[in-house]
Structures are given as structure tokens and as C-alpha cells.
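One structure is given here, and the rest of the page talks about it.
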Amino acid sequence: MAAAAEAAFELLKPGTAEIRPVGNELVSQSLELPRQVASERPTLERVTLVIGALPTARPKQVSLGTLKDPQYRLLKPIPLEVSVQESEVVVTWPEIDEFGHGETTGAALDDFGQTLRELHHQLYASEVHLGPDLQRVKQVLGEYIQPRAK
Amino acid sequence: MADAPIPSVVAMLICDQIINEAGTNKKSLIGIFENFSSPGFPVLMPRLAVYVKLVDAEGVYQFKLRLVKLRDESLVAEIDIQATIVDSSHHSELAINMGNLPIPEPAKYEFQLYYGEVFLHRVTIDAVQISAGGAPWQQQQKPPLNF
């Protein structure tokens with residue numbers, strides 16, 4: 001079954017919508033979809049597939065590259081340790097002792113991302129006064145997380 | 001890749017097919033779905049496509065798309081994709097068209113996108129086993145019994 005699997009990928013440029021006025025009209029009133037010419041269908045090639053033994057995809061460490069929030073971007077990946085505690089997956093960032101948990105690694109990463117967003121929001125609030133420990137946490141977060149310009 | 005910025009995923013969708021319009025580069029995603037059904041498993045999905053829209057990407061990236069069965073987080077399939085993105089001021093789009101992707105059993109699965117070993121995004125799909133007569137909405141209703 002695995003031998004039959006195939007795939008193709010393309011890196012594509014953003015599309016451009018074209019409005020073609022009819023005659024002197026500035027706006028086309030047509031409700032028809034524009035005619036489209038499909039590009040040549042990419043040739044599918046065989047890909048590496050792991051079937052049969054089904055090894056676990058749950059790593060012992062994972063690097064997180066997203067906070068799933070368009071307001072923030074990560075300057076470098078956050079190194080996390082992955083463990084299972086009481087049938088839940090737990091991801092931990094030892095540097096600041098923060099964690100997230102969930103039924104799966106993905107769910108735990110989502111939970112961790114939300115925790116980190118809330119922590120960043122609280123520590124970077126203008127009126128907050130922080131002790132030395134939280135100052136250090138704030139500094140570490142600043143090395144990894146950058147708010148996007150609005 | 002070490003110096004390349006971490007890209008952010010602003011959209012990741014599963015569909016039957018991605019068509020790229022030759023003149024304008026507009027993409028059409030045909031048949032977006034998140035569940036699928038089959039009367040038997042294991043099954044080969046004849047066609048499946050993953051569309052990814054990225055921001056903040058510039059440089060050479062080794063992406064990895066993994067299909068994982070969530071019950072035990074076992075790896076079903078893995079595809080390596082190398083892409084060179086030259087201009088981070090525009091969004092970049094990845095279109096991955098696949099054929100005959102094996103689905104071992106009815107369960108929840110996840111497509112996970114990595115760059116290198118860095119986790120970027122995930123999308124869940126649900127594979128459901130149905131009776132040979134088709135999905136409930138496809139089965140012919142029996143006439144009422146008359147006594």
C-alpha cells in the first residue's frame with residue numbers, strides 16, 4: 001500500500017484578481033466568475049512514507065515555532081521537553097518553568113502557547129511592577145517573542 | 001536554514017485538490033474538508049491536498065509535513081519539502097497535492113507542519129467508517145411497514 005503513495009508540492013506566488021471594465025464602465029457588473037486557466041497539473045512523485053511499524057511521532061523534545069496569534073512572532077524556536085503525566089501530554093519550558101498540557105502533543109503545544117501569550121501580556125503591561133524573578137522571566141520572553149507592529 | 005526567520009502559518013487547509021490559475025496565480029481549493037468516510041479500512045485516499053499560507057518566510061526552508069494518528073501519536077506518513085523563499089514582504093503559499101495516501105484505520109489524524117524540527121502548525125481530520133450502504137444521508141429510506 002505504501003509503495004503507491006505519491007505527492008507533489010509547489011511554492012506559489014500570491015494571486016492577483018483582475019477586474020476588466022467593459023466599455024466605458026469603470027465597474028464590471030458581471031456576476032460571472034472570471035475565466036480561469038489551470039496551470040499544468042504537477043507530476044506526482046513517490047514520497048517517503050512510514051507504514052507498518054508505526055513509530056511514535058511524539059518526540060522527547062520539540063521546538064515550538066508559533067504562538068498561534070498574529071500579534072506575536074517568535075524570534076527563535078522555544079525548546080520544550082515532552083512528557084506524559086497521568087495520560088496527558090505535558091510540554092515544559094525549563095528556562096522559565098512554564099508548561100502546557102493536553103490530550104496530544106499538538107493540544108499541549110496550543111495550551112502552552114496560550115499560557116505564554118497571557119504571561120507576555122501580563123509582564124509587559126505598562127503599570128506592572130515586577131520582582132527580580134519575574135524581571136528575569138520578562139527578559140527571557142523578550143529574547144524569544146516579538147509583538148508585531150500594528 | 002539556521003539564519004532564516006521562523007515563518008508563521010496564517011492558513012492551513014485540507015482539500016481534494018489545489019488548482020493554480022496560470023495567468024494570475026490565483027488558487028482554487030476544491031472540496032475543502034475535515035472529515036472523510038469509507039466503508040473499509042485501511043484505505044488509500046485517491047487524492048488529498050494541503051494548502052499552507054505563510055508569512056515572515058525568507059530563505060531556504062526544509063519543511064516537513066507529517067500525518068500522525070492521534071490516538072497513539074504514531075507516524076503514518078512524512079513528506080520532506082525544500083523551498084527557497086526570496087521575498088518575505090509577500091505571503092508565500094505551499095500547495096501539496098497527494099495521491100493514494102494510506103489511512104490505516106478509522107480515527108482522528110493530524111497533519112503537522114514542521115520546518116526542520118520546529119513545530120509550526122497542525123490541522124486535524126477525522127476518518128469515519130460507514131456501512132457499505134453509504135453515509136446515513138445517502139441510504140435509501142425504507143418504506144413504513146403496514147400491518
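Letters for chains follow the order of the C-alpha cells (A, B, ...), residue numbers begin at 1 for each chain, and ligand numbers begin at 1 in the order shown.
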Would you write out, as CSV, a table of all residues in chain B that have an atom no more than 7 Å from an atom of chain A, listing for each the closest atom pair and the distance in Å to one decimal, considering only C-alpha atoms and ordering rows by chain and rising residue number?
```
residue,atom,partner,partner_atom,distance
B:Ile6,CA,A:Gly65,CA,6.4
B:Ser8,CA,A:Thr66,CA,6.5
B:Ile19,CA,A:Ala38,CA,6.2
B:Asn20,CA,A:Ser39,CA,5.6
B:Glu21,CA,A:Ala38,CA,4.5
B:Ala22,CA,A:Ser39,CA,4.5
B:Thr24,CA,A:Thr16,CA,5.3
B:Asn25,CA,A:Gly15,CA,4.2
B:Lys26,CA,A:Gly15,CA,3.9
B:Lys27,CA,A:Gly15,CA,6.8
B:Val68,CA,A:Ala57,CA,6.9
B:Leu70,CA,A:Thr104,CA,6.9
B:Glu73,CA,A:Ala57,CA,5.5
B:Ser74,CA,A:Thr56,CA,4.1
B:Leu75,CA,A:Ala57,CA,5.1
B:Val76,CA,A:Val50,CA,5.6
B:Ala77,CA,A:Leu49,CA,4.5
B:Glu78,CA,A:Leu49,CA,5.6
B:Ile79,CA,A:Thr48,CA,6.1
B:Ala83,CA,A:Leu11,CA,6.8
B:His91,CA,A:Pro14,CA,6.5
B:Ser92,CA,A:Lys13,CA,6.1
B:Glu93,CA,A:Leu12,CA,5.0
B:Leu94,CA,A:Leu11,CA,4.8
B:Ala95,CA,A:Glu10,CA,5.2
B:Ile96,CA,A:Phe9,CA,4.2
B:Asn97,CA,A:Ala8,CA,5.3
B:Met98,CA,A:Ala7,CA,4.0
B:Gly99,CA,A:Glu6,CA,5.2
B:Asn100,CA,A:Ala5,CA,4.6
B:Leu101,CA,A:Ala5,CA,5.3
B:Pro102,CA,A:Ala2,CA,6.8
B:Glu117,CA,A:Ser63,CA,6.4
B:Val118,CA,A:Ser63,CA,4.7
B:Phe119,CA,A:Leu64,CA,5.1
B:Leu120,CA,A:Gly65,CA,5.2
```
- prompt: Suppose you want the space between atom CA of B:Leu48 and atom CA of B:Ile18; what is it in Å?
  reply: 9.0 Å
- prompt: Mind pulling up the distance from atom CA of B:Pro42 to atom CA of B:Gln129?
  reply: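 It comes out at 10.2 Å.
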field: Interatomic distance (Å, one decimal) between atom CA of B:Pro5 and atom CA of B:Ile125
entry: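 The value is 28.9 Å.
Closest to B:Ser131 among B:Gly31, B:Asp3, B:Pro39, B:Arg47 is B:Pro39, based on only C-alpha atoms.
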- request: For B:Pro7, list every protein, DNA or RNA residue within 7 Å, evaluated using only C-alpha atoms, and leave out those in the same chain fewer than 2 positions away; present the list as a PyMOL selection string.
  value: chain B and resi 5+9+54-57
Residues from last step as file, C-alpha atoms, as a PDB file, in the first residue's frame:
```
ATOM      1  CA  PRO B   5      13.307  33.679  10.219  1.00  0.00           C
ATOM      2  CA  VAL B   9       1.277  29.935   9.232  1.00  0.00           C
ATOM      3  CA  LEU B  54       2.988  31.582   5.263  1.00  0.00           C
ATOM      4  CA  VAL B  55       4.273  34.973   6.390  1.00  0.00           C
ATOM      5  CA  ASP B  56       7.732  36.067   7.570  1.00  0.00           C
ATOM      6  CA  ALA B  57       9.464  33.445   5.459  1.00  0.00           C
TER       7      ALA B  57
END
```
Every residue of stretch 36-114 of chain A that DSSP places in strand (DSSP E or B), as a PyMOL selection string: chain A and resi 38+45-46+56+61-64+72-74+78-85+88-93+98-102
